[in-house]
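Working notes, structure below.
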Amino acid sequence: NYFMLIRTKKNLREFFLLSGLFLFLRSLSTFVVYKFLSIYDNRIFSFTDLKFYNENNINIFSPNFFYTLFIRSIGYNSENLLSLNFIIISFIISFLIITPFIFLCIKILSKKNSILFIFILSLHPYLALYSLKLDSNIFATLGVSYYALWIFYSNKITFNFSIILNVFSTIFRNALIPLLWIQFFLIFAFKRDFTRFKLLGILSLFLITIFITSSQILYGFEYISQNFGCYSFENIDKFLQKILSPNISKILSLIFTPIVHMILNLGAREAISIYCLNLPSEYAANNLINLLTTFSFLIFHSFLLIRLLIYIFKEFDIRKLALLFPFSILLPTLYGTAHMRYLYPLLPFLIFVQFLPKNFQILKKI
């Protein structure tokens, strides 16, 4: 697909150079993370959801049903999580799903900013860790990557890739459902140049989207109503009831829970969302490292998010709101389970927008 878009030998050469730089630096960062993770976490390398996906009875209404079928069909489970074959496959897939951003570097960013972007993206330790796992969020990252390709380099080719791959990705990762509906809204509200064949294709994809949404909506309600983890809505409400009346605490809990959960998304590993900040020794062998990394991630990701908001609203253009739409994948986490794993599909996008030219026009052609 990129060869259809790149066209010139110069662009092709730059694409392979940036890809090579990314692969070298990501290999280095994954080696460091894998080698020294035991200092931080006694379990060394874990994937708690994998047991759920492999052992539970499933049907079409189960969360991420097709992802479950996928990992079961290839035999991916807790026993072979550290298999060299699966680590290599995971690493390759983690590279392929971010290649739209490498293409966008060539088309939009300066050489200096392209290299800076590649450095930050490839060396990010949390992304390096998850590049070694076939997590369901690889499909969320794929969806966000092709959404970015569409809004930053809008034409018929990127539009087709974006909508088809977003529907495909949503089949495997239900967190993309809100973003997919937003994308269809943009298409039906503003796009007018449909041929009969393309309109038929769009309507077919829309029907698939309705089917995916209806199969996951019950799980969605169950998810946001779970009293799961240390910082759940009910636990925040119980804490506030110690100092306030039940009615006031309930109202304040509705306000504070999304704020607390957004903070968790920006910096907390999964164990923190369950056991609170002061983790048991089996989850954090060195609590000082746990605290330092948690607050480092929180500060860095908050910094990126604040800069994004400044970019959008300092010189406001209605099209810039398209930069916020990918964050719709975090909506269920505002009252459901929240931790940094839900943020990681957004990190390549969030890092990339830091380097956008000042007067860059988004969605030139819907």
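Chain labels A, B, ... are given in the sequence in which chains occur in the structure tokens; within each chain residues are numbered consecutively from 1, and ligands are likewise numbered from 1 in the order shown.
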Selection: 7 Å around segment 146-150 of chain A, only C-alpha atoms, excl. self and same-chain fewer than 2 positions, as number ranges by chain: A: 100, 104, 142-144, 152-154, 158-159, 161-162
Written selection (C-alpha atoms) as a PDB file, in the first residue's frame:
```pdb
ATOM      1  CA  PRO A 100       1.629   4.693   8.473  1.00  0.00           C
ATOM      2  CA  LEU A 104       3.561  10.438   7.277  1.00  0.00           C
ATOM      3  CA  LEU A 142      -3.697  -0.436  13.686  1.00  0.00           C
ATOM      4  CA  GLY A 143      -7.057   1.370  13.629  1.00  0.00           C
ATOM      5  CA  VAL A 144      -5.647   4.590  15.089  1.00  0.00           C
ATOM      6  CA  PHE A 152      -3.104  13.838   7.855  1.00  0.00           C
ATOM      7  CA  TYR A 153      -2.838  12.729   4.205  1.00  0.00           C
ATOM      8  CA  SER A 154      -6.379  12.778   2.891  1.00  0.00           C
ATOM      9  CA  THR A 158      -5.960   6.671   2.421  1.00  0.00           C
ATOM     10  CA  PHE A 159      -9.725   6.987   2.862  1.00  0.00           C
ATOM     11  CA  PHE A 161      -7.446   1.988   3.635  1.00  0.00           C
ATOM     12  CA  SER A 162      -8.648   3.785   6.737  1.00  0.00           C
TER      13      SER A 162
END
```
Per residue of segment 249-342 of chain A within 10 Å of segment 226-243 of chain A, record the nearest atom pair and its distance in Å to one decimal, counting only C-alpha atoms, with rows in chain order and ascending residue number, as CSV.
```
residue,atom,partner,partner_atom,distance
A:Ser249,CA,A:Leu240,CA,5.3
A:Lys250,CA,A:Asp237,CA,5.9
A:Ile251,CA,A:Asp237,CA,8.8
A:Leu252,CA,A:Asp237,CA,7.9
A:Ser253,CA,A:Asp237,CA,5.4
A:Leu254,CA,A:Phe233,CA,7.4
A:Ile255,CA,A:Phe233,CA,9.8
A:Phe256,CA,A:Ile236,CA,8.1
A:Thr257,CA,A:Phe233,CA,5.7
A:Pro258,CA,A:Phe233,CA,8.7
A:Val260,CA,A:Tyr231,CA,7.5
A:His261,CA,A:Tyr231,CA,7.6
A:Leu264,CA,A:Tyr231,CA,8.9
A:Glu270,CA,A:Gly229,CA,9.5
A:Ala271,CA,A:Gly229,CA,8.9
A:Ile272,CA,A:Cys230,CA,7.8
A:Ser273,CA,A:Gly229,CA,5.5
A:Ile274,CA,A:Gly229,CA,3.9
A:Tyr275,CA,A:Cys230,CA,5.7
A:Cys276,CA,A:Cys230,CA,5.4
A:Leu277,CA,A:Cys230,CA,9.0
A:Leu334,CA,A:Phe233,CA,9.4
A:Tyr335,CA,A:Phe233,CA,6.5
A:Gly336,CA,A:Gln226,CA,6.3
A:Thr337,CA,A:Phe228,CA,6.3
A:Ala338,CA,A:Tyr231,CA,8.7
```
Residues near segment 173-188 of chain A, cut-off 7 Å, only C-alpha atoms, skip fewer than 5 positions along chain, as a PyMOL selection string: chain A and resi 64+136-137+139-140+166+213+325-326+328-329+366
What's the 7 Å shell around segment 350-360 of chain A, counting only C-alpha atoms, without same-chain residues fewer than 6 positions away, as a list of chain:residue names? A:Leu109, A:Asn113, A:Phe117, A:Leu304, A:Leu308
Taking only C-alpha atoms into account, name the residue in A:Ser122, A:Thr195, A:Ser302, A:Asn278 that is nearest to Arg26 of chain A. A:Ser122
Under the rule that only C-alpha atoms are counted, which of A:Phe190, A:Phe172, A:Phe91, A:Tyr34 is the nearest residue to Leu363 of chain A? A:Phe190
Residues near Thr30 of chain A, cut-off 8 Å, only C-alpha atoms, skip fewer than 2 positions along chain, as an mmCIF file with N, CA and C atoms, in the first residue's frame:
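Generated output (part_14.cif):
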```
data_model
loop_
_atom_site.group_PDB
_atom_site.id
_atom_site.type_symbol
_atom_site.label_atom_id
_atom_site.label_comp_id
_atom_site.auth_asym_id
_atom_site.auth_seq_id
_atom_site.Cartn_x
_atom_site.Cartn_y
_atom_site.Cartn_z
ATOM 1 N N ARG A 26 14.198 0.221 18.357
ATOM 2 C CA ARG A 26 13.183 -0.572 19.057
ATOM 3 C C ARG A 26 13.791 -1.901 19.530
ATOM 4 N N SER A 27 14.658 -2.512 18.736
ATOM 5 C CA SER A 27 15.349 -3.740 19.152
ATOM 6 C C SER A 27 16.181 -3.479 20.403
ATOM 7 N N LEU A 28 16.852 -2.336 20.411
ATOM 8 C CA LEU A 28 17.667 -1.962 21.572
ATOM 9 C C LEU A 28 16.799 -1.753 22.808
ATOM 10 N N VAL A 32 16.653 -3.971 26.376
ATOM 11 C CA VAL A 32 16.881 -3.368 27.695
ATOM 12 C C VAL A 32 15.698 -3.640 28.627
ATOM 13 N N VAL A 33 14.479 -3.439 28.115
ATOM 14 C CA VAL A 33 13.275 -3.666 28.918
ATOM 15 C C VAL A 33 13.182 -5.129 29.341
ATOM 16 N N TYR A 34 13.380 -6.027 28.398
ATOM 17 C CA TYR A 34 13.277 -7.459 28.688
ATOM 18 C C TYR A 34 14.371 -7.899 29.660
ATOM 19 N N PRO A 125 9.640 2.942 26.618
ATOM 20 C CA PRO A 125 9.748 1.618 27.250
ATOM 21 C C PRO A 125 8.444 0.836 27.319
ATOM 22 N N ALA A 128 7.832 -0.513 23.945
ATOM 23 C CA ALA A 128 8.817 -1.573 23.705
ATOM 24 C C ALA A 128 8.377 -2.874 24.356
ATOM 25 N N LEU A 129 7.875 -2.782 25.585
ATOM 26 C CA LEU A 129 7.402 -3.970 26.294
ATOM 27 C C LEU A 129 6.264 -4.645 25.542
ATOM 28 N N SER A 131 5.537 -4.455 22.455
ATOM 29 C CA SER A 131 5.897 -4.943 21.121
ATOM 30 C C SER A 131 6.303 -6.407 21.161
ATOM 31 N N LEU A 132 6.436 -6.961 22.359
ATOM 32 C CA LEU A 132 6.795 -8.371 22.517
ATOM 33 C C LEU A 132 5.580 -9.242 22.811
#
```
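Using only C-alpha atoms, the nearest neighbour of Ile97 of chain A within the list A:Ile157, A:Ile138, A:Leu12, A:Ile263 is A:Ile138.
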Would you mind writing down, as a PyMOL selection string, each residue of segment 72-244 of chain A that DSSP on the backbone assigns to helix (DSSP H, G or I)? chain A and resi 72-74+78-80+84-96+99-108+111-123+125-130+137-152+156-172+174-190+196-224+233-241
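Going from atom CA of Asn59 of chain A over to atom CA of Leu346 of chain A, you cover 28.5 Å.
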